[in-house]
$ cat structure05.cif   # mmCIF, C-alpha atoms
data_final
#
loop_
_atom_site.label_atom_id
_atom_site.label_comp_id
_atom_site.auth_asym_id
_atom_site.auth_seq_id
_atom_site.Cartn_x
_atom_site.Cartn_y
_atom_site.Cartn_z
CA MET A 1 9.32 -15.16 29.41
CA SER A 2 9.07 -11.36 29.19
CA ARG A 3 6.41 -9.58 27.20
CA GLY A 4 7.43 -9.13 23.55
CA GLN A 5 9.45 -12.35 23.36
CA VAL A 6 8.57 -15.50 21.48
CA VAL A 7 9.87 -19.04 21.84
CA SER A 8 10.89 -20.50 18.48
CA ARG A 9 11.52 -24.19 17.91
CA GLU A 10 15.26 -23.62 18.39
CA GLN A 11 15.81 -20.67 20.69
CA VAL A 12 14.37 -17.68 22.49
CA VAL A 13 14.61 -14.56 20.35
CA SER A 14 13.67 -10.93 20.85
CA GLY A 15 10.70 -9.74 18.90
CA PRO A 16 8.93 -8.39 17.17
CA GLU A 17 10.61 -5.17 16.03
CA LEU A 18 8.30 -2.40 14.90
CA ILE A 19 8.06 0.96 13.16
CA LEU A 20 5.70 3.31 14.97
CA PRO A 21 4.25 5.95 12.62
CA ASP A 22 5.35 9.54 13.16
CA TRP A 23 2.11 11.41 12.50
CA PRO A 24 -0.45 13.51 14.40
CA ALA A 25 -2.71 10.64 15.47
CA PRO A 26 -4.97 11.67 18.37
CA PRO A 27 -4.62 10.14 21.84
CA GLY A 28 -6.19 6.72 22.06
CA VAL A 29 -5.33 5.67 18.50
CA ARG A 30 -2.40 3.31 18.02
CA ALA A 31 -0.62 2.09 14.91
CA ALA A 32 2.40 -0.07 14.10
CA PHE A 33 4.27 -1.66 11.22
CA THR A 34 6.12 -4.93 11.74
CA LEU A 35 9.63 -5.62 10.48
CA ARG A 36 10.95 -9.02 9.41
CA ILE A 37 13.08 -9.24 12.56
CA GLY A 38 12.53 -11.20 15.77
CA GLY A 39 10.20 -14.06 14.87
CA ALA A 40 9.97 -17.84 14.69
CA SER A 41 9.92 -18.40 10.91
CA GLN A 42 12.77 -20.12 9.10
CA PRO A 43 14.27 -19.05 5.73
CA PRO A 44 13.06 -17.86 3.29
CA PHE A 45 10.39 -16.48 5.61
CA ASP A 46 12.88 -15.39 8.26
CA SER A 47 11.89 -14.47 10.67
CA PHE A 48 8.82 -12.45 11.57
CA ASN A 49 6.36 -13.52 8.89
CA VAL A 50 2.67 -12.94 9.66
CA ALA A 51 1.16 -14.43 6.49
CA THR A 52 -0.53 -17.83 6.28
CA HIS A 53 -0.67 -17.95 2.46
CA VAL A 54 3.02 -17.89 1.51
CA GLY A 55 4.04 -21.47 2.40
CA ASP A 56 5.51 -20.84 5.84
CA ASP A 57 5.09 -23.37 8.67
CA PRO A 58 1.66 -22.59 10.20
CA ARG A 59 3.09 -23.11 13.70
CA ALA A 60 5.66 -20.38 13.12
CA VAL A 61 3.04 -17.99 11.78
CA ALA A 62 0.83 -18.68 14.78
CA GLU A 63 3.75 -17.95 17.13
CA ASN A 64 4.52 -14.73 15.31
CA ARG A 65 0.93 -13.54 15.40
CA ALA A 66 0.63 -14.38 19.09
CA ALA A 67 3.84 -12.46 19.81
CA LEU A 68 2.48 -9.48 17.91
CA ARG A 69 -0.75 -9.48 19.91
CA ALA A 70 1.23 -9.65 23.15
CA ARG A 71 3.68 -6.94 22.15
CA LEU A 72 0.91 -4.53 21.18
CA GLY A 73 -1.49 -5.54 23.94
CA LEU A 74 -4.29 -6.25 21.47
CA ARG A 75 -7.66 -7.26 22.89
CA ALA A 76 -8.61 -9.27 19.81
CA GLU A 77 -7.07 -10.94 16.77
CA PRO A 78 -6.52 -8.42 13.95
CA ALA A 79 -8.93 -8.70 11.01
CA TRP A 80 -6.59 -10.46 8.57
CA LEU A 81 -7.88 -9.90 5.03
CA GLU A 82 -7.69 -12.06 1.92
CA GLN A 83 -5.97 -9.40 -0.19
CA VAL A 84 -6.54 -9.47 -3.97
CA HIS A 85 -5.19 -6.09 -5.23
CA GLY A 86 -8.72 -4.75 -5.53
CA LYS A 87 -10.66 -1.89 -3.93
CA ARG A 88 -13.20 -3.62 -1.68
CA VAL A 89 -13.16 -2.26 1.87
CA VAL A 90 -14.64 -4.10 4.85
CA ASP A 91 -16.46 -2.23 7.61
CA LEU A 92 -15.43 -4.22 10.68
CA ASP A 93 -18.47 -2.84 12.51
CA GLY A 94 -20.89 -4.09 9.87
CA PRO A 95 -23.05 -7.24 9.83
CA THR A 96 -20.78 -9.11 7.40
CA ALA A 97 -17.50 -8.39 9.20
CA GLY A 98 -17.37 -11.94 10.55
CA THR A 99 -16.86 -13.28 7.02
CA LEU A 100 -14.35 -10.85 5.61
CA GLY A 101 -13.93 -12.36 2.15
CA PRO A 102 -11.56 -10.88 -0.44
CA ALA A 103 -10.78 -7.26 0.43
CA ASP A 104 -7.94 -4.74 0.43
CA GLY A 105 -9.06 -2.34 3.09
CA ALA A 106 -10.79 -2.20 6.45
CA VAL A 107 -12.29 0.49 8.68
CA THR A 108 -13.69 0.59 12.20
CA ARG A 109 -15.03 2.96 14.84
CA THR A 110 -15.07 0.38 17.61
CA PRO A 111 -12.31 0.36 20.26
CA GLY A 112 -10.33 -2.88 20.28
CA ARG A 113 -11.02 -3.89 16.67
CA VAL A 114 -7.81 -3.96 14.65
CA CYS A 115 -7.50 -3.07 10.97
CA VAL A 116 -4.51 -4.73 9.32
CA VAL A 117 -3.00 -5.17 5.86
CA GLN A 118 -0.08 -7.42 4.85
CA ILE A 119 2.81 -6.03 2.86
CA ALA A 120 5.91 -7.10 0.91
CA ASP A 121 6.40 -4.19 -1.58
CA CYS A 122 2.85 -2.85 -1.98
CA MET A 123 2.12 0.24 0.08
CA PRO A 124 0.16 0.19 3.34
CA VAL A 125 -1.83 3.36 3.91
CA LEU A 126 -3.24 3.99 7.38
CA PHE A 127 -5.99 6.54 8.08
CA VAL A 128 -7.25 8.17 11.25
CA ALA A 129 -9.95 10.76 11.86
CA ALA A 130 -8.54 13.83 13.59
CA ASP A 131 -10.95 13.35 16.49
CA GLY A 132 -10.00 9.68 16.89
CA SER A 133 -13.49 8.42 16.04
CA ALA A 134 -12.51 6.21 13.09
CA VAL A 135 -9.49 4.41 11.67
CA GLY A 136 -8.75 2.51 8.49
CA ALA A 137 -6.08 0.60 6.60
CA ALA A 138 -5.61 0.06 2.87
CA HIS A 139 -3.38 -2.29 0.84
CA ALA A 140 -2.24 -0.14 -2.08
CA GLY A 141 -0.01 -1.60 -4.74
CA TRP A 142 -0.20 -0.06 -8.20
CA ARG A 143 -3.39 -1.95 -9.08
CA GLY A 144 -5.11 -0.85 -5.89
CA LEU A 145 -3.99 2.74 -6.32
CA ALA A 146 -5.17 2.86 -9.92
CA GLY A 147 -8.40 1.06 -9.04
CA GLY A 148 -9.40 3.41 -6.23
CA VAL A 149 -8.70 1.58 -2.97
CA LEU A 150 -7.69 4.79 -1.19
CA GLN A 151 -10.85 6.58 -2.27
CA ALA A 152 -12.94 3.58 -1.22
CA THR A 153 -11.31 3.49 2.22
CA VAL A 154 -11.95 7.19 2.79
CA ARG A 155 -15.59 6.78 1.76
CA ALA A 156 -16.01 3.84 4.11
CA MET A 157 -14.70 5.89 7.04
CA ASN A 158 -17.60 8.32 6.56
CA THR A 159 -15.42 11.20 7.75
CA PRO A 160 -14.77 14.43 5.81
CA SER A 161 -11.46 13.99 4.00
CA ARG A 162 -10.13 17.28 5.35
CA GLU A 163 -10.44 15.78 8.85
CA LEU A 164 -8.28 12.74 8.08
CA HIS A 165 -4.59 12.03 8.58
CA ALA A 166 -2.88 9.45 6.34
CA TRP A 167 0.38 7.56 6.80
CA LEU A 168 2.23 5.93 3.90
CA GLY A 169 4.12 2.91 5.21
CA PRO A 170 7.10 1.01 3.78
CA ALA A 171 6.80 0.09 0.10
CA ILE A 172 9.07 -0.52 -2.86
CA GLY A 173 10.91 2.65 -3.88
CA GLN A 174 10.97 4.19 -7.34
CA GLY A 175 14.55 3.17 -8.00
CA HIS A 176 13.62 -0.52 -7.80
CA PHE A 177 10.07 -0.52 -9.15
CA GLU A 178 10.26 -0.98 -12.92
CA VAL A 179 6.92 -1.19 -14.74
CA GLY A 180 5.60 -1.28 -18.28
CA GLU A 181 3.59 1.22 -20.27
CA ASP A 182 0.37 -0.48 -19.18
CA VAL A 183 0.93 0.61 -15.57
CA ARG A 184 1.71 4.19 -16.56
CA ALA A 185 -1.34 4.33 -18.81
CA ALA A 186 -3.58 3.11 -15.97
CA PHE A 187 -2.79 6.28 -14.02
CA LEU A 188 -2.57 8.79 -16.85
CA THR A 189 -6.05 7.90 -18.10
CA ASP A 190 -7.61 9.87 -15.25
CA ASP A 191 -4.72 12.12 -14.25
CA VAL A 192 -2.23 13.36 -16.84
CA GLY A 193 -0.23 14.95 -14.02
CA ALA A 194 0.63 11.45 -12.78
CA ALA A 195 3.28 11.36 -15.52
CA GLY A 196 5.61 13.01 -13.01
CA ALA A 197 5.61 9.81 -10.94
CA PHE A 198 7.22 7.84 -13.79
CA THR A 199 10.82 8.12 -14.98
CA ALA A 200 11.95 6.45 -18.20
CA ASN A 201 14.86 4.03 -17.90
CA HIS A 202 17.38 2.71 -20.45
CA ARG A 203 15.24 -0.38 -21.08
CA LYS A 204 12.44 1.85 -22.43
CA ARG A 205 10.34 1.04 -19.40
CA TRP A 206 9.37 3.13 -16.39
CA GLN A 207 10.47 3.56 -12.77
CA CYS A 208 7.27 4.05 -10.79
CA ASP A 209 6.97 6.18 -7.63
CA LEU A 210 4.13 4.65 -5.58
CA TYR A 211 4.48 7.28 -2.89
CA ALA A 212 4.01 10.13 -5.37
CA LEU A 213 0.98 8.41 -6.90
CA ALA A 214 -0.59 7.89 -3.47
CA ARG A 215 -0.07 11.54 -2.56
CA ARG A 216 -1.76 12.62 -5.80
CA LYS A 217 -4.74 10.33 -5.17
CA LEU A 218 -5.11 11.61 -1.61
CA ALA A 219 -4.79 15.25 -2.63
CA ALA A 220 -7.47 14.77 -5.28
CA ILE A 221 -9.99 13.70 -2.64
CA GLY A 222 -9.00 16.37 -0.14
CA VAL A 223 -6.72 14.50 2.27
CA ALA A 224 -4.03 17.09 2.94
CA SER A 225 -2.37 15.67 6.08
CA VAL A 226 -0.14 12.96 4.60
CA HIS A 227 2.91 11.53 6.38
CA GLY A 228 5.53 8.80 5.94
CA GLY A 229 6.65 7.54 2.55
CA SER A 230 10.42 7.46 3.02
CA TRP A 231 11.34 3.76 2.83
CA CYS A 232 12.19 1.17 0.19
CA THR A 233 11.35 -2.43 1.00
CA TYR A 234 13.49 -3.72 -1.88
CA ALA A 235 16.64 -1.86 -0.85
CA ASP A 236 16.56 -2.65 2.89
CA THR A 237 17.11 -6.42 3.04
CA GLY A 238 17.71 -6.45 6.78
CA ARG A 239 14.39 -4.95 7.85
CA PHE A 240 11.89 -5.65 5.08
CA PHE A 241 10.49 -8.51 3.05
CA SER A 242 10.30 -7.76 -0.68
CA TYR A 243 8.41 -9.96 -3.12
CA ARG A 244 10.04 -8.36 -6.15
CA ARG A 245 13.50 -8.86 -4.69
CA ASP A 246 13.12 -12.37 -3.27
CA GLY A 247 10.03 -13.96 -4.79
CA CYS A 248 9.27 -16.47 -2.06
CA CYS A 249 9.22 -14.48 1.19
CA GLY A 250 7.16 -13.51 4.21
CA ARG A 251 4.84 -10.59 4.78
CA MET A 252 4.88 -7.66 7.18
CA ALA A 253 1.82 -6.05 8.74
CA ALA A 254 0.53 -2.51 9.10
CA LEU A 255 -2.01 -2.24 11.91
CA ILE A 256 -4.21 0.52 13.33
CA TRP A 257 -6.81 0.48 16.08
CA ILE A 258 -8.59 2.59 18.65
CA GLY A 259 -7.14 1.61 22.01
#
$ encode --input "structure05.cif" --output "structure tokens"
Amino acid sequence: MSRGQVVSREQVVSGPELILPDWPAPPGVRAAFTLRIGGASQPPFDSFNVATHVGDDPRAVAENRAALRARLGLRAEPAWLEQVHGKRVVDLDGPTAGTLGPADGAVTRTPGRVCVVQIADCMPVLFVAADGSAVGAAHAGWRGLAGGVLQATVRAMNTPSRELHAWLGPAIGQGHFEVGEDVRAAFLTDDVGAAGAFTANHRKRWQCDLYALARRKLAAIGVASVHGGSWCTYADTGRFFSYRRDGCCGRMAALIWIG
């Protein structure tokens, strides 16, 4: 079997398919985002689901994760987090990294350690120091963005914000992300300019632009080099899982590591 292929219970399929970030990451730093294509999982998790908590067959998830490690040539298992839409960030180089616990971000300066977040509409945000000395990943849905997960990840990297690059990975687009006044108020409390990321709809609710909100949060803390942010997980059924669209579904992964 060639590298990058996985044997499912029924057939041999190509996989996994990836998005590789287009950003000025320094040599030696690698990053990837998985698509839902090319795995072993059966519907409704078809087919490249990497999550163990959604009800998928554990054997299929294990096959998918093994295929991902092989495809990317990872030295170690990624640090899969128990994501809770909060702002806790784990330092994978710290003494408690072996027991990750609930967290929505991770950072490392050690080659071979892999930061990863799981996604199915919330936004993955990857960070890299311009000199390649540190990397990080954050799981940023609206609660995480409002709660400060991006700021917490930048602090944990211990790198001046002006020396960081950020990449906004696939998330639900504004046209499909309807929210209530409570969500809008959560952002306007600290930033009245965030009103521009919300558009009123005919149901007297709001269409929320996660990408715009993330850019505002990053600009406020001095991260000027921001890339990505052009996808909609809800609209692209062929490539992306979407919890809001499908309910029961798999999860994709955004990974970053120092090679």
$ closest_residue --input "structure05.cif" --among "A:Ala130, A:Leu81, A:Leu72, A:Val90" --to "A:Thr52" --atoms "all atoms listed in the file"
A:Leu81
$ closest_residue --input "structure05.cif" --among "A:Thr110, A:Thr199, A:Ser225, A:Gln42" --to "A:Leu126" --atoms "all atoms listed in the file"
A:Ser225
$ resolve_selection --input "structure05.cif" --expression "the PyMOL selection byres ((chain A and resi 213-218) around 9)" --output "ChimeraX atom specification"
/A:123,125,140,142,145-146,148,150-151,161,166,168,187,191,193-194,196-197,208-212,219-224,226
$ closest_residue --input "structure05.cif" --among "A:Gly169, A:Ala62, A:Gly28, A:Asp46" --to "A:His227" --atoms "all atoms listed in the file"
A:Gly169
$ atom_distance --input "structure05.cif" --atom1 "atom CA of A:Ala103" --atom2 "atom CA of A:Ala152"
11.2 Å
$ atom_distance --input "structure05.cif" --atom1 "atom CA of A:His85" --atom2 "atom CA of A:Val149"
8.7 Å
$ atom_distance --input "structure05.cif" --atom1 "atom CA of A:Gly180" --atom2 "atom CA of A:Trp167"
27.1 Å
$ resolve_selection --input "structure05.cif" --expression "the PyMOL selection byres ((chain A and resi 79) around 6)" --output "CSV table (one decimal) with C-alpha atoms, keeping the file's coordinate frame"
chain,number,residue,atom,x,y,z
A,78,PRO,CA,-6.5,-8.4,14.0
A,80,TRP,CA,-6.6,-10.5,8.6
A,115,CYS,CA,-7.5,-3.1,11.0
$ closest_residue --input "structure05.cif" --among "A:Thr34, A:Ser41, A:Thr153, A:Gln174" --to "A:Tyr234" --atoms "only C-alpha atoms"
A:Gln174
